[in-house]
$ cat entry_12.cif   # mmCIF, C-alpha atoms
data_data
loop_
_atom_site.label_atom_id
_atom_site.label_comp_id
_atom_site.auth_asym_id
_atom_site.auth_seq_id
_atom_site.Cartn_x
_atom_site.Cartn_y
_atom_site.Cartn_z
CA MET A 1 -14.35 8.70 -18.86
CA THR A 2 -17.58 7.55 -17.16
CA GLU A 3 -19.53 10.01 -15.04
CA PRO A 4 -17.98 10.10 -11.54
CA LEU A 5 -20.05 8.92 -8.59
CA LEU A 6 -18.91 11.86 -6.50
CA ALA A 7 -17.23 15.03 -7.78
CA GLY A 8 -15.99 18.12 -5.99
CA ARG A 9 -15.36 21.17 -8.19
CA ASP A 10 -13.41 24.30 -7.30
CA LEU A 11 -13.80 23.74 -3.57
CA HIS A 12 -12.73 26.51 -1.21
CA LYS A 13 -12.76 26.28 2.57
CA SER A 14 -11.12 28.50 5.17
CA PHE A 15 -10.90 28.13 8.92
CA GLY A 16 -10.41 31.69 10.18
CA PRO A 17 -7.43 33.10 8.32
CA THR A 18 -6.24 29.65 7.20
CA GLU A 19 -7.19 28.58 3.69
CA ALA A 20 -7.49 24.78 3.85
CA LEU A 21 -8.86 24.31 0.31
CA ARG A 22 -8.06 26.71 -2.51
CA GLY A 23 -9.92 25.51 -5.57
CA ALA A 24 -9.71 21.72 -5.16
CA ASP A 25 -11.13 19.44 -7.87
CA VAL A 26 -11.65 15.75 -7.33
CA ALA A 27 -13.66 12.95 -8.93
CA VAL A 28 -14.43 9.56 -7.39
CA ARG A 29 -15.65 6.77 -9.66
CA ALA A 30 -18.06 4.07 -8.49
CA GLY A 31 -16.29 1.17 -6.84
CA GLU A 32 -12.75 2.56 -6.99
CA VAL A 33 -10.31 2.87 -4.11
CA LEU A 34 -8.89 6.39 -4.34
CA ALA A 35 -5.92 7.34 -2.16
CA VAL A 36 -5.74 11.00 -1.15
CA MET A 37 -2.13 11.78 -0.31
CA GLY A 38 -0.25 14.88 0.66
CA PRO A 39 1.78 16.37 3.50
CA SER A 40 0.31 17.25 6.91
CA GLY A 41 -1.76 20.41 6.71
CA SER A 42 -2.19 20.16 2.93
CA GLY A 43 -5.99 20.04 3.20
CA LYS A 44 -6.59 16.35 2.54
CA SER A 45 -8.75 15.74 5.63
CA THR A 46 -10.74 18.91 4.93
CA LEU A 47 -11.29 17.66 1.39
CA LEU A 48 -12.58 14.34 2.75
CA HIS A 49 -14.86 16.10 5.22
CA CYS A 50 -16.30 18.26 2.43
CA LEU A 51 -16.86 15.32 0.07
CA ALA A 52 -18.54 13.38 2.89
CA GLY A 53 -20.91 16.24 3.69
CA ILE A 54 -19.48 16.70 7.18
CA VAL A 55 -18.12 20.18 6.43
CA ARG A 56 -19.77 22.63 4.05
CA PRO A 57 -17.27 24.31 1.72
CA ASP A 58 -17.29 28.12 1.46
CA SER A 59 -17.74 27.79 -2.30
CA GLY A 60 -17.69 25.19 -5.06
CA SER A 61 -19.94 22.23 -5.77
CA ILE A 62 -20.06 18.60 -4.69
CA ARG A 63 -22.14 16.49 -7.06
CA TYR A 64 -23.36 13.09 -5.89
CA GLN A 65 -25.85 11.15 -7.99
CA GLY A 66 -27.24 14.26 -9.61
CA ARG A 67 -27.51 16.32 -6.41
CA ASP A 68 -25.26 19.03 -4.98
CA LEU A 69 -24.31 18.39 -1.36
CA VAL A 70 -23.53 22.08 -0.92
CA GLU A 71 -27.15 22.97 -1.65
CA MET A 72 -28.61 20.41 0.77
CA SER A 73 -29.88 21.24 4.25
CA ASP A 74 -28.02 19.86 7.28
CA GLY A 75 -30.78 17.30 7.74
CA GLU A 76 -30.56 16.09 4.14
CA ARG A 77 -26.78 15.74 4.31
CA SER A 78 -27.06 13.91 7.59
CA ALA A 79 -29.56 11.46 6.08
CA LEU A 80 -27.30 10.95 3.07
CA ARG A 81 -24.33 10.20 5.34
CA ARG A 82 -26.40 7.56 7.09
CA THR A 83 -27.76 5.84 3.98
CA ASP A 84 -25.03 6.20 1.36
CA PHE A 85 -21.73 6.82 3.14
CA GLY A 86 -19.62 4.83 5.60
CA PHE A 87 -16.81 6.17 7.78
CA VAL A 88 -13.59 4.83 9.28
CA PHE A 89 -11.38 7.20 11.24
CA GLN A 90 -8.08 6.80 13.01
CA PHE A 91 -9.37 6.88 16.58
CA GLY A 92 -12.37 6.66 18.80
CA GLN A 93 -15.27 6.29 16.43
CA LEU A 94 -16.84 3.37 18.32
CA VAL A 95 -19.33 4.13 21.09
CA PRO A 96 -17.67 2.81 24.27
CA GLU A 97 -20.92 2.02 26.10
CA LEU A 98 -22.19 -0.29 23.34
CA THR A 99 -20.91 -3.79 22.55
CA CYS A 100 -19.04 -4.29 19.28
CA LEU A 101 -22.13 -5.94 17.81
CA GLU A 102 -24.34 -3.01 18.85
CA ASN A 103 -21.79 -0.60 17.40
CA VAL A 104 -21.90 -2.32 14.02
CA ALA A 105 -25.70 -2.49 14.09
CA LEU A 106 -25.98 1.20 15.02
CA PRO A 107 -26.19 2.69 11.50
CA LEU A 108 -28.99 0.25 10.66
CA ARG A 109 -30.82 1.02 13.91
CA LEU A 110 -30.51 4.77 13.26
CA GLY A 111 -32.01 4.10 9.84
CA GLY A 112 -35.05 2.52 11.51
CA ALA A 113 -34.19 -1.20 11.29
CA LYS A 114 -35.46 -3.50 14.03
CA ARG A 115 -32.95 -4.82 16.54
CA LYS A 116 -32.90 -8.51 15.52
CA PRO A 117 -32.38 -8.15 11.76
CA ALA A 118 -29.92 -5.28 12.33
CA GLU A 119 -27.84 -7.38 14.71
CA ALA A 120 -28.01 -10.43 12.45
CA ARG A 121 -26.57 -8.38 9.62
CA ALA A 122 -24.00 -6.80 11.94
CA ARG A 123 -22.90 -10.28 13.00
CA GLN A 124 -22.35 -11.27 9.36
CA TRP A 125 -20.13 -8.25 8.86
CA LEU A 126 -18.14 -8.93 12.02
CA GLU A 127 -17.53 -12.45 10.75
CA ARG A 128 -16.51 -11.17 7.36
CA LEU A 129 -13.96 -8.90 9.05
CA GLU A 130 -12.72 -11.95 11.02
CA VAL A 131 -13.83 -10.59 14.41
CA GLY A 132 -17.05 -12.59 14.74
CA ASP A 133 -16.13 -13.65 18.27
CA LEU A 134 -15.94 -10.07 19.58
CA GLY A 135 -19.63 -9.20 19.28
CA ASP A 136 -20.33 -9.18 23.02
CA ARG A 137 -17.26 -7.22 24.02
CA ARG A 138 -17.08 -3.47 24.44
CA PRO A 139 -14.59 -1.44 22.35
CA GLY A 140 -12.44 -0.81 25.45
CA ASP A 141 -11.86 -4.56 25.79
CA VAL A 142 -10.50 -5.23 22.28
CA SER A 143 -7.11 -4.39 20.69
CA GLY A 144 -6.58 -1.45 18.36
CA GLY A 145 -6.49 -3.68 15.29
CA GLN A 146 -9.64 -5.50 16.33
CA GLY A 147 -11.38 -2.18 17.04
CA GLN A 148 -10.55 -0.94 13.54
CA ARG A 149 -11.99 -4.11 12.01
CA VAL A 150 -15.18 -3.51 14.00
CA ALA A 151 -15.17 0.08 12.68
CA VAL A 152 -14.77 -1.20 9.10
CA ALA A 153 -17.70 -3.58 9.65
CA ARG A 154 -19.77 -0.67 10.90
CA ALA A 155 -18.78 1.47 7.90
CA LEU A 156 -19.92 -1.23 5.47
CA VAL A 157 -22.99 -2.63 7.24
CA SER A 158 -25.48 -0.31 5.54
CA ASP A 159 -24.20 -1.07 2.00
CA PRO A 160 -22.77 2.41 1.43
CA LYS A 161 -21.81 3.65 -2.03
CA VAL A 162 -18.74 5.41 -0.62
CA VAL A 163 -16.58 4.66 2.40
CA PHE A 164 -14.51 7.57 3.71
CA ALA A 165 -11.41 6.41 5.56
CA ASP A 166 -9.16 9.00 7.21
CA GLU A 167 -5.79 7.47 8.19
CA PRO A 168 -7.58 4.22 9.13
CA THR A 169 -4.35 2.46 10.09
CA GLY A 170 -2.56 5.47 11.59
CA ALA A 171 -2.67 4.06 15.11
CA LEU A 172 -1.77 0.46 14.18
CA ASP A 173 1.53 -1.39 13.76
CA SER A 174 2.59 -2.56 10.29
CA LEU A 175 1.09 -6.05 10.44
CA ASN A 176 -2.26 -4.97 11.90
CA GLY A 177 -2.42 -2.00 9.55
CA GLU A 178 -1.83 -4.25 6.59
CA LYS A 179 -4.52 -6.66 7.70
CA VAL A 180 -7.07 -3.89 8.23
CA MET A 181 -6.28 -2.39 4.81
CA ARG A 182 -6.66 -5.73 3.07
CA LEU A 183 -9.97 -6.47 4.81
CA LEU A 184 -11.26 -2.95 4.16
CA THR A 185 -10.41 -2.90 0.46
CA ASP A 186 -11.49 -6.52 -0.15
CA ALA A 187 -14.80 -5.96 1.62
CA ALA A 188 -15.44 -2.64 -0.16
CA ARG A 189 -14.55 -4.10 -3.57
CA GLY A 190 -16.75 -7.12 -2.83
CA ALA A 191 -19.63 -4.81 -1.96
CA GLY A 192 -18.98 -2.48 -4.92
CA ALA A 193 -18.38 0.51 -2.64
CA ALA A 194 -15.88 3.24 -3.54
CA VAL A 195 -13.30 4.12 -0.89
CA VAL A 196 -11.83 7.58 -0.40
CA LEU A 197 -8.71 6.84 1.60
CA VAL A 198 -6.78 9.70 3.18
CA THR A 199 -3.27 8.59 4.07
CA HIS A 200 0.28 9.87 4.17
CA GLU A 201 1.67 6.32 4.21
CA PRO A 202 2.75 4.96 0.81
CA ARG A 203 2.27 1.33 1.84
CA VAL A 204 -1.33 2.10 2.75
CA ALA A 205 -1.85 4.02 -0.50
CA ALA A 206 -0.55 0.96 -2.36
CA HIS A 207 -3.88 -0.73 -1.58
CA SER A 208 -5.66 1.85 -3.75
CA ASP A 209 -6.50 1.78 -7.46
CA ARG A 210 -5.11 5.29 -8.01
CA GLU A 211 -3.96 8.30 -6.06
CA ILE A 212 -4.34 12.05 -6.02
CA VAL A 213 -2.07 14.47 -4.20
CA VAL A 214 -3.32 17.45 -2.21
CA ARG A 215 -0.86 20.28 -1.86
CA ASP A 216 -1.59 23.78 -0.51
CA GLY A 217 -5.31 23.16 -0.74
CA ARG A 218 -5.28 22.15 -4.39
CA VAL A 219 -5.43 18.69 -5.94
CA LYS A 220 -3.10 17.14 -8.41
CA ASP A 221 -4.70 14.27 -10.27
CA LEU A 222 -2.15 12.83 -12.70
CA GLU A 223 -4.90 10.97 -14.53
CA LEU A 224 -6.83 14.19 -15.22
CA ALA A 225 -3.61 16.04 -16.04
CA ALA A 226 -2.56 13.38 -18.59
CA MET B 227 22.62 -10.69 -5.08
CA SER B 228 25.51 -13.11 -5.56
CA VAL B 229 24.08 -15.92 -7.69
CA SER B 230 27.39 -17.73 -7.52
CA ARG B 231 27.45 -17.86 -3.70
CA THR B 232 23.77 -18.74 -3.56
CA LEU B 233 24.31 -21.74 -5.85
CA LEU B 234 27.34 -22.73 -3.81
CA ALA B 235 25.31 -22.59 -0.58
CA LEU B 236 22.55 -24.69 -2.19
CA LEU B 237 25.14 -27.44 -2.72
CA GLU B 238 25.90 -27.62 1.00
CA PRO B 239 23.16 -30.09 1.96
CA GLY B 240 24.40 -32.58 -0.65
CA PRO B 241 25.57 -33.09 -4.24
CA ARG B 242 23.28 -32.02 -7.08
CA HIS B 243 23.46 -31.83 -10.85
CA GLY B 244 23.03 -28.53 -12.69
CA TYR B 245 19.34 -28.93 -13.51
CA ASP B 246 18.48 -29.83 -9.93
CA LEU B 247 20.48 -26.85 -8.69
CA LYS B 248 18.65 -24.47 -11.02
CA ARG B 249 15.31 -25.85 -9.85
CA ALA B 250 16.25 -25.40 -6.19
CA TYR B 251 17.34 -21.82 -6.89
CA ASP B 252 14.20 -20.96 -8.85
CA GLU B 253 11.98 -22.44 -6.15
CA GLN B 254 13.42 -20.28 -3.38
CA PHE B 255 14.70 -17.15 -5.00
CA ALA B 256 13.57 -16.68 -8.62
CA HIS B 257 10.33 -14.75 -7.89
CA GLY B 258 9.43 -14.40 -11.51
CA LYS B 259 13.00 -14.12 -12.77
CA GLN B 260 14.27 -17.66 -13.33
CA LEU B 261 17.92 -18.46 -13.72
CA ALA B 262 19.14 -19.29 -17.23
CA TYR B 263 20.71 -22.74 -17.69
CA GLY B 264 23.74 -21.09 -19.25
CA GLN B 265 24.35 -19.07 -16.11
CA VAL B 266 24.11 -22.17 -13.90
CA TYR B 267 26.68 -24.08 -15.94
CA SER B 268 29.07 -21.16 -16.37
CA THR B 269 28.87 -20.49 -12.62
CA LEU B 270 29.54 -24.16 -11.84
CA SER B 271 32.61 -24.13 -14.14
CA ARG B 272 33.95 -21.08 -12.32
CA LEU B 273 33.32 -22.60 -8.90
CA LEU B 274 35.04 -25.76 -10.11
CA ARG B 275 38.04 -23.79 -11.36
CA ASN B 276 38.31 -21.97 -8.02
CA GLY B 277 38.21 -25.23 -6.06
CA LEU B 278 34.94 -24.40 -4.30
CA VAL B 279 33.08 -27.38 -5.83
CA GLU B 280 34.18 -30.65 -7.36
CA GLU B 281 32.62 -33.25 -9.59
CA ALA B 282 30.90 -36.11 -7.78
CA GLY B 283 30.22 -38.64 -10.48
CA VAL B 284 27.81 -38.84 -13.36
CA GLU B 285 24.13 -39.64 -13.08
CA HIS B 286 22.89 -42.02 -15.79
CA GLY B 287 19.19 -41.72 -16.60
CA ALA B 288 16.74 -41.76 -19.46
CA GLY B 289 18.11 -38.48 -20.88
CA PRO B 290 21.69 -37.38 -21.31
CA ASP B 291 24.18 -38.20 -18.54
CA ARG B 292 24.33 -35.50 -15.90
CA LYS B 293 27.36 -34.47 -13.86
CA ARG B 294 26.84 -34.08 -10.16
CA TYR B 295 28.67 -31.45 -8.17
CA THR B 296 29.57 -31.34 -4.50
CA ILE B 297 30.83 -28.49 -2.34
CA THR B 298 34.46 -28.65 -1.10
CA ASP B 299 35.75 -27.63 2.36
CA ALA B 300 36.99 -24.38 0.80
CA GLY B 301 33.46 -23.88 -0.58
CA VAL B 302 31.89 -24.36 2.86
CA THR B 303 34.35 -21.83 4.35
CA ASP B 304 33.47 -19.39 1.57
CA VAL B 305 29.74 -19.72 2.28
CA GLU B 306 30.31 -19.33 6.03
CA THR B 307 32.36 -16.18 5.54
CA TRP B 308 29.77 -14.74 3.16
CA LEU B 309 26.86 -15.35 5.54
CA ARG B 310 28.78 -13.76 8.42
CA THR B 311 29.77 -10.66 6.44
CA ALA B 312 27.40 -7.68 6.55
CA GLU B 313 26.15 -6.39 3.22
CA ASN B 314 27.35 -2.90 2.42
CA PRO B 315 24.56 -0.46 3.22
CA GLU B 316 24.26 1.54 0.01
CA PRO B 317 24.55 5.26 0.68
CA TYR B 318 22.63 6.27 -2.49
CA LEU B 319 24.51 9.56 -2.60
CA GLN B 320 24.48 9.75 -6.39
CA ASN B 321 20.75 9.95 -6.71
CA THR B 322 19.31 10.47 -10.20
CA LEU B 323 16.06 11.80 -8.81
CA TYR B 324 17.84 14.46 -6.78
CA THR B 325 19.76 15.43 -9.92
CA LYS B 326 16.52 15.75 -11.89
CA VAL B 327 14.95 17.90 -9.16
CA VAL B 328 17.92 20.26 -9.12
CA LEU B 329 18.00 20.47 -12.93
CA ALA B 330 14.27 21.20 -13.01
CA LEU B 331 14.75 24.03 -10.50
CA LEU B 332 17.76 25.43 -12.38
CA SER B 333 15.93 25.39 -15.70
CA GLY B 334 12.71 26.90 -14.35
CA ARG B 335 10.71 23.72 -14.90
CA SER B 336 8.35 22.27 -12.29
CA ALA B 337 10.25 20.17 -9.77
CA HIS B 338 6.89 19.20 -8.28
CA ASP B 339 6.05 17.54 -11.61
CA VAL B 340 9.28 15.54 -11.47
CA LEU B 341 8.43 14.35 -7.95
CA ASP B 342 4.77 13.67 -8.76
CA THR B 343 5.66 11.57 -11.80
CA GLN B 344 8.08 9.56 -9.70
CA ARG B 345 5.57 9.10 -6.88
CA SER B 346 3.07 7.75 -9.37
CA ALA B 347 5.61 5.32 -10.84
CA HIS B 348 6.67 4.13 -7.39
CA LEU B 349 3.07 3.64 -6.28
CA ALA B 350 2.27 1.65 -9.42
CA VAL B 351 5.05 -0.81 -8.55
CA MET B 352 3.98 -0.83 -4.89
CA ARG B 353 0.41 -1.70 -5.96
CA ASP B 354 1.68 -4.68 -7.97
CA LEU B 355 3.75 -5.88 -5.03
CA THR B 356 0.81 -5.43 -2.65
CA ARG B 357 -1.43 -7.51 -4.93
CA ARG B 358 1.26 -10.16 -5.24
CA LYS B 359 1.60 -10.29 -1.48
CA ALA B 360 -2.14 -10.85 -1.06
CA ASP B 361 -1.98 -13.91 -3.32
CA GLY B 362 1.39 -15.20 -2.16
CA ASP B 363 2.80 -17.45 0.52
CA LEU B 364 4.98 -16.27 3.40
CA ALA B 365 8.13 -16.29 1.25
CA ASP B 366 6.41 -14.08 -1.33
CA GLN B 367 5.16 -11.77 1.39
CA LEU B 368 8.61 -11.28 2.90
CA ILE B 369 10.30 -10.73 -0.45
CA CYS B 370 7.62 -8.22 -1.46
CA ASP B 371 7.79 -6.48 1.94
CA HIS B 372 11.53 -5.98 1.48
CA ALA B 373 10.90 -4.26 -1.84
CA LEU B 374 7.92 -2.31 -0.46
CA PHE B 375 9.89 -0.90 2.47
CA HIS B 376 12.67 0.25 0.13
CA LEU B 377 10.19 1.91 -2.22
CA GLU B 378 8.50 3.51 0.77
CA ALA B 379 11.83 4.95 1.88
CA ASP B 380 12.20 6.57 -1.55
CA LEU B 381 8.71 8.02 -1.24
CA ARG B 382 9.40 9.42 2.21
CA TRP B 383 12.44 11.18 0.79
CA LEU B 384 10.31 12.40 -2.09
CA GLU B 385 7.67 13.92 0.23
CA LEU B 386 10.35 15.57 2.36
CA THR B 387 11.94 17.04 -0.76
CA ALA B 388 8.54 18.22 -2.04
CA ALA B 389 8.06 20.05 1.27
CA ARG B 390 11.48 21.71 0.94
CA LEU B 391 11.44 22.65 -2.73
CA ASP B 392 11.21 26.40 -2.12
CA ALA B 393 14.24 26.30 0.15
CA LEU B 394 16.14 24.06 -2.27
CA ALA B 395 15.33 26.42 -5.14
CA GLU B 396 16.96 29.28 -3.24
CA VAL B 397 20.06 27.21 -2.52
CA VAL B 398 20.63 25.92 -6.06
CA ARG B 399 19.90 29.27 -7.72
CA SER B 400 22.10 31.31 -5.42
#
$ encode --input "entry_12.cif" --output "C-alpha cells"
Amino acid sequence: MTEPLLAGRDLHKSFGPTEALRGADVAVRAGEVLAVMGPSGSGKSTLLHCLAGIVRPDSGSIRYQGRDLVEMSDGERSALRRTDFGFVFQFGQLVPELTCLENVALPLRLGGAKRKPAEARARQWLERLEVGDLGDRRPGDVSGGQGQRVAVARALVSDPKVVFADEPTGALDSLNGEKVMRLLTDAARGAGAAVVLVTHEPRVAAHSDREIVVRDGRVKDLELAA
Amino acid sequence: MSVSRTLLALLEPGPRHGYDLKRAYDEQFAHGKQLAYGQVYSTLSRLLRNGLVEEAGVEHGAGPDRKRYTITDAGVTDVETWLRTAENPEPYLQNTLYTKVVLALLSGRSAHDVLDTQRSAHLAVMRDLTRRKADGDLADQLICDHALFHLEADLRWLELTAARLDALAEVVRS
C-alpha cells in the first residue's frame, strides 16, 4: 500500500469523563474520498476534528506529509488548515456579512492574496459549482443547497490536499443533497484533493471510494483488517 | 416483476412481432439484463393460449417471415387490473441477515463482523448504482434510486441492530 497522505495512529481524546476516541487508527490516501461512518456519539466528528488539526488529541500521532500535527504549535496548525485543508460543515460556515463571492475568496485573502485575483479565482469556483450567478448575494439570501455549493467552492478555492466534510448534506433534502455530493466529489477528484466525509447516511457514503466505521471511539477499516 | 404482463402491456399501443417486442422491453426495462428471445416467444405462446393476445398476420421482409401479435379485449382488461392492483409490500420477516446475527451471538462469534461485512457489500453495490446514476438519463436515475433507497433501508436496519447488539445478545442467550 502506498504511504498515506494523512494518518492518525492510536488517537485518544476525552471531553471530561467522556472518552470520544479510544485508540483510533485511520489512514487517508491522496485523492481518495473516504467515508467515515458510525452511529451518533461514536466519535466520528471528533476523529475528523483531530485529523484536521482543529482539536488536539490527548495522545497518539497524526502524520501529514512527514510532520506530526500533534507536535505543531497552534499557529502552525492554523496555517496548515489555511493552506492545505478545506472544510465543509453542515451549517453556518459562511460569513453572513460577506457576499458569496467574498466568502469564497476569503481563504485566499487570509493567505495574503490581493482582492482582484482572489475574487477572479473565487468566481471560477462558483461557476464550477453551478452557482456563478450568486456572487453578489449574501448567504442569508440563498437557499440551503446553494449555500452548501458556495461552501464547497470556498473549501476548494485554495487547492487543498484534503477536504474535511462533516455531514455536508445533513440539512438538505434528497435531491439537493445528491447534487451537492456529486459536485463536491467531482470537483475534489478533478482537483486531486482527498475528501474525509463524515456521514451517517448510506446514500451519501455511496459517493465515496471506501468507508471506515467508527464505533465506541475506535475505527474499523475493513481494508486494513483484510 | 411480471415479464408476461409487461410484454402484454407493451402490445397495447399496437401490434408488434416478437423481435420488436423484445426491443421495446429492453429499451425501457432491461437495465443491463436483456430479455432472452426464448422467453419472449414462450411468453407470447402462453398469452396466446390464454386468449390475452392473438395473431395479427405475418410480416414478410428480407429475413424470415415474422408473426405479429395484437392484444385482445381480455388482455387489455388484464393489464388494467394489474396496473390498478397494489403490489404486495414484502414484510421481509424471514431475514437471512438477522439469522446470521443471532447465530453469531449464540456461537460466541462477532456479530459486529457479520454486520460490517454486510455494510461493506451493500455500500459497494450502492457505489456502483451511484456511478451509474451520474452517467445515466432520468430513467436510469429513477431505477437506480429505487434500488438505492431499498439498500439504504437495509443499512438503516443494520445500524440499528449494531446499536442493539448487547441487548440482543442477552435476549438470545437467555
$ atom_distance --input "entry_12.cif" --atom1 "CA of Gly23 in chain A" --atom2 "CA of Ala205 in chain A"
23.5 Å
$ residues_around --input "entry_12.cif" --residues "range 394-398 of chain B" --least-positions-apart "5" --cutoff "8 Å" --atoms "all atoms listed in the file" --output "ChimeraX atom specification"
/B:328,331-332
$ resolve_selection --input "entry_12.cif" --expression "the PyMOL selection byres ((chain B) within 9 of (chain A))" --output "VMD selection string"
chain B and resid 342 to 343 346 349 to 357 360 374 to 375 377 to 378 381 to 382 385 to 386 388 to 389
$ residues_around --input "entry_12.cif" --residues "range 265-269 of chain B" --least-positions-apart "5" --cutoff "7 Å" --atoms "only C-alpha atoms" --output "PyMOL selection string"
chain B and resi 230+244+248
$ write_last_selection --input "entry_12.cif" --atoms "C-alpha atoms" --output "mmCIF file, in the frame of the given file"
data_model
loop_
_atom_site.group_PDB
_atom_site.id
_atom_site.type_symbol
_atom_site.label_atom_id
_atom_site.label_comp_id
_atom_site.auth_asym_id
_atom_site.auth_seq_id
_atom_site.Cartn_x
_atom_site.Cartn_y
_atom_site.Cartn_z
ATOM 1 C CA SER B 230 27.390 -17.730 -7.520
ATOM 2 C CA GLY B 244 23.030 -28.530 -12.690
ATOM 3 C CA LYS B 248 18.650 -24.470 -11.020
#
$ resolve_selection --input "entry_12.cif" --expression "the PyMOL selection byres ((chain A and resi 146) around 10)" --output "PDB file with C-alpha atoms, in the coordinates of the input"
ATOM      1  CA  CYS A 100     -19.040  -4.290  19.280  1.00  0.00           C
ATOM      2  CA  LEU A 129     -13.960  -8.900   9.050  1.00  0.00           C
ATOM      3  CA  GLU A 130     -12.720 -11.950  11.020  1.00  0.00           C
ATOM      4  CA  VAL A 131     -13.830 -10.590  14.410  1.00  0.00           C
ATOM      5  CA  LEU A 134     -15.940 -10.070  19.580  1.00  0.00           C
ATOM      6  CA  PRO A 139     -14.590  -1.440  22.350  1.00  0.00           C
ATOM      7  CA  ASP A 141     -11.860  -4.560  25.790  1.00  0.00           C
ATOM      8  CA  VAL A 142     -10.500  -5.230  22.280  1.00  0.00           C
ATOM      9  CA  SER A 143      -7.110  -4.390  20.690  1.00  0.00           C
ATOM     10  CA  GLY A 144      -6.580  -1.450  18.360  1.00  0.00           C
ATOM     11  CA  GLY A 145      -6.490  -3.680  15.290  1.00  0.00           C
ATOM     12  CA  GLY A 147     -11.380  -2.180  17.040  1.00  0.00           C
ATOM     13  CA  GLN A 148     -10.550  -0.940  13.540  1.00  0.00           C
ATOM     14  CA  ARG A 149     -11.990  -4.110  12.010  1.00  0.00           C
ATOM     15  CA  VAL A 150     -15.180  -3.510  14.000  1.00  0.00           C
ATOM     16  CA  ALA A 151     -15.170   0.080  12.680  1.00  0.00           C
ATOM     17  CA  VAL A 152     -14.770  -1.200   9.100  1.00  0.00           C
ATOM     18  CA  ASN A 176      -2.260  -4.970  11.900  1.00  0.00           C
ATOM     19  CA  VAL A 180      -7.070  -3.890   8.230  1.00  0.00           C
TER      20      VAL A 180
END
$ residues_around --input "entry_12.cif" --residues "Asp252 in chain B" --least-positions-apart "4" --cutoff "12 Å" --atoms "only C-alpha atoms" --output "number ranges by chain"
B: 229, 232-233, 236, 245-248, 256-263, 266
$ resolve_selection --input "entry_12.cif" --expression "the PyMOL selection byres ((chain A and resi 163) around 6)" --output "list of chain:residue names"
A:Phe85, A:Gly86, A:Phe87, A:Val162, A:Phe164, A:Val195
$ atom_distance --input "entry_12.cif" --atom1 "CA of Ala24 in chain A" --atom2 "CA of Ala171 in chain A"
27.8 Å
$ atom_distance --input "entry_12.cif" --atom1 "CA of Leu101 in chain A" --atom2 "CA of Arg128 in chain A"
13.0 Å
$ axis_aligned_box --input "entry_12.cif" --around "range 315-331 of chain B" --padding-each-side "4 Å" --output "AutoDock Vina command-line options"
--center_x 19.4 --center_y 11.8 --center_z -4.9 --size_x 18.3 --size_y 32.5 --size_z 24.2
$ residues_around --input "entry_12.cif" --residues "range 6-22 of chain A" --least-positions-apart "4" --cutoff "8 Å" --atoms "all atoms listed in the file" --output "VMD selection string"
chain A and resid 26 to 29 41 to 43 46 to 47 51 57 to 65 216 to 218
$ closest_residue --input "entry_12.cif" --among "B:His243, B:Asp366, B:Arg335, B:Ala379" --to "His286 in chain B" --atoms "only C-alpha atoms"
B:His243
$ decode --input "entry_12.cif" --residues "range 123-133 of chain A" --atoms "N, CA, C and O atoms" --output "PDB file, in the first residue's frame"
ATOM      1  N   ARG A 123     -14.609  33.395  -8.367  1.00  0.00           N
ATOM      2  CA  ARG A 123     -15.704  33.383  -9.355  1.00  0.00           C
ATOM      3  C   ARG A 123     -15.651  32.097 -10.182  1.00  0.00           C
ATOM      4  O   ARG A 123     -16.688  31.495 -10.465  1.00  0.00           O
ATOM      5  N   GLN A 124     -14.440  31.692 -10.554  1.00  0.00           N
ATOM      6  CA  GLN A 124     -14.299  30.439 -11.329  1.00  0.00           C
ATOM      7  C   GLN A 124     -14.867  29.255 -10.550  1.00  0.00           C
ATOM      8  O   GLN A 124     -15.556  28.393 -11.099  1.00  0.00           O
ATOM      9  N   TRP A 125     -14.569  29.234  -9.246  1.00  0.00           N
ATOM     10  CA  TRP A 125     -15.067  28.115  -8.444  1.00  0.00           C
ATOM     11  C   TRP A 125     -16.581  28.170  -8.271  1.00  0.00           C
ATOM     12  O   TRP A 125     -17.254  27.139  -8.306  1.00  0.00           O
ATOM     13  N   LEU A 126     -17.128  29.360  -8.131  1.00  0.00           N
ATOM     14  CA  LEU A 126     -18.590  29.465  -8.031  1.00  0.00           C
ATOM     15  C   LEU A 126     -19.238  28.945  -9.317  1.00  0.00           C
ATOM     16  O   LEU A 126     -20.237  28.228  -9.273  1.00  0.00           O
ATOM     17  N   GLU A 127     -18.627  29.276 -10.440  1.00  0.00           N
ATOM     18  CA  GLU A 127     -19.167  28.797 -11.724  1.00  0.00           C
ATOM     19  C   GLU A 127     -19.064  27.284 -11.818  1.00  0.00           C
ATOM     20  O   GLU A 127     -19.990  26.611 -12.264  1.00  0.00           O
ATOM     21  N   ARG A 128     -17.940  26.768 -11.373  1.00  0.00           N
ATOM     22  CA  ARG A 128     -17.758  25.318 -11.423  1.00  0.00           C
ATOM     23  C   ARG A 128     -18.795  24.591 -10.562  1.00  0.00           C
ATOM     24  O   ARG A 128     -19.222  23.489 -10.885  1.00  0.00           O
ATOM     25  N   LEU A 129     -19.200  25.214  -9.472  1.00  0.00           N
ATOM     26  CA  LEU A 129     -20.208  24.626  -8.587  1.00  0.00           C
ATOM     27  C   LEU A 129     -21.626  25.027  -9.024  1.00  0.00           C
ATOM     28  O   LEU A 129     -22.589  24.825  -8.304  1.00  0.00           O
ATOM     29  N   GLU A 130     -21.731  25.604 -10.212  1.00  0.00           N
ATOM     30  CA  GLU A 130     -23.008  25.974 -10.835  1.00  0.00           C
ATOM     31  C   GLU A 130     -23.805  26.992 -10.026  1.00  0.00           C
ATOM     32  O   GLU A 130     -25.034  26.955  -9.991  1.00  0.00           O
ATOM     33  N   VAL A 131     -23.089  27.904  -9.333  1.00  0.00           N
ATOM     34  CA  VAL A 131     -23.744  29.000  -8.625  1.00  0.00           C
ATOM     35  C   VAL A 131     -23.037  30.322  -8.961  1.00  0.00           C
ATOM     36  O   VAL A 131     -22.928  31.221  -8.121  1.00  0.00           O
ATOM     37  N   GLY A 132     -22.590  30.417 -10.218  1.00  0.00           N
ATOM     38  CA  GLY A 132     -21.845  31.603 -10.656  1.00  0.00           C
ATOM     39  C   GLY A 132     -22.650  32.880 -10.566  1.00  0.00           C
ATOM     40  O   GLY A 132     -22.089  33.976 -10.442  1.00  0.00           O
ATOM     41  N   ASP A 133     -23.972  32.766 -10.583  1.00  0.00           N
ATOM     42  CA  ASP A 133     -24.821  33.964 -10.568  1.00  0.00           C
ATOM     43  C   ASP A 133     -25.100  34.467  -9.143  1.00  0.00           C
ATOM     44  O   ASP A 133     -25.813  35.445  -8.971  1.00  0.00           O
TER      45      ASP A 133
END
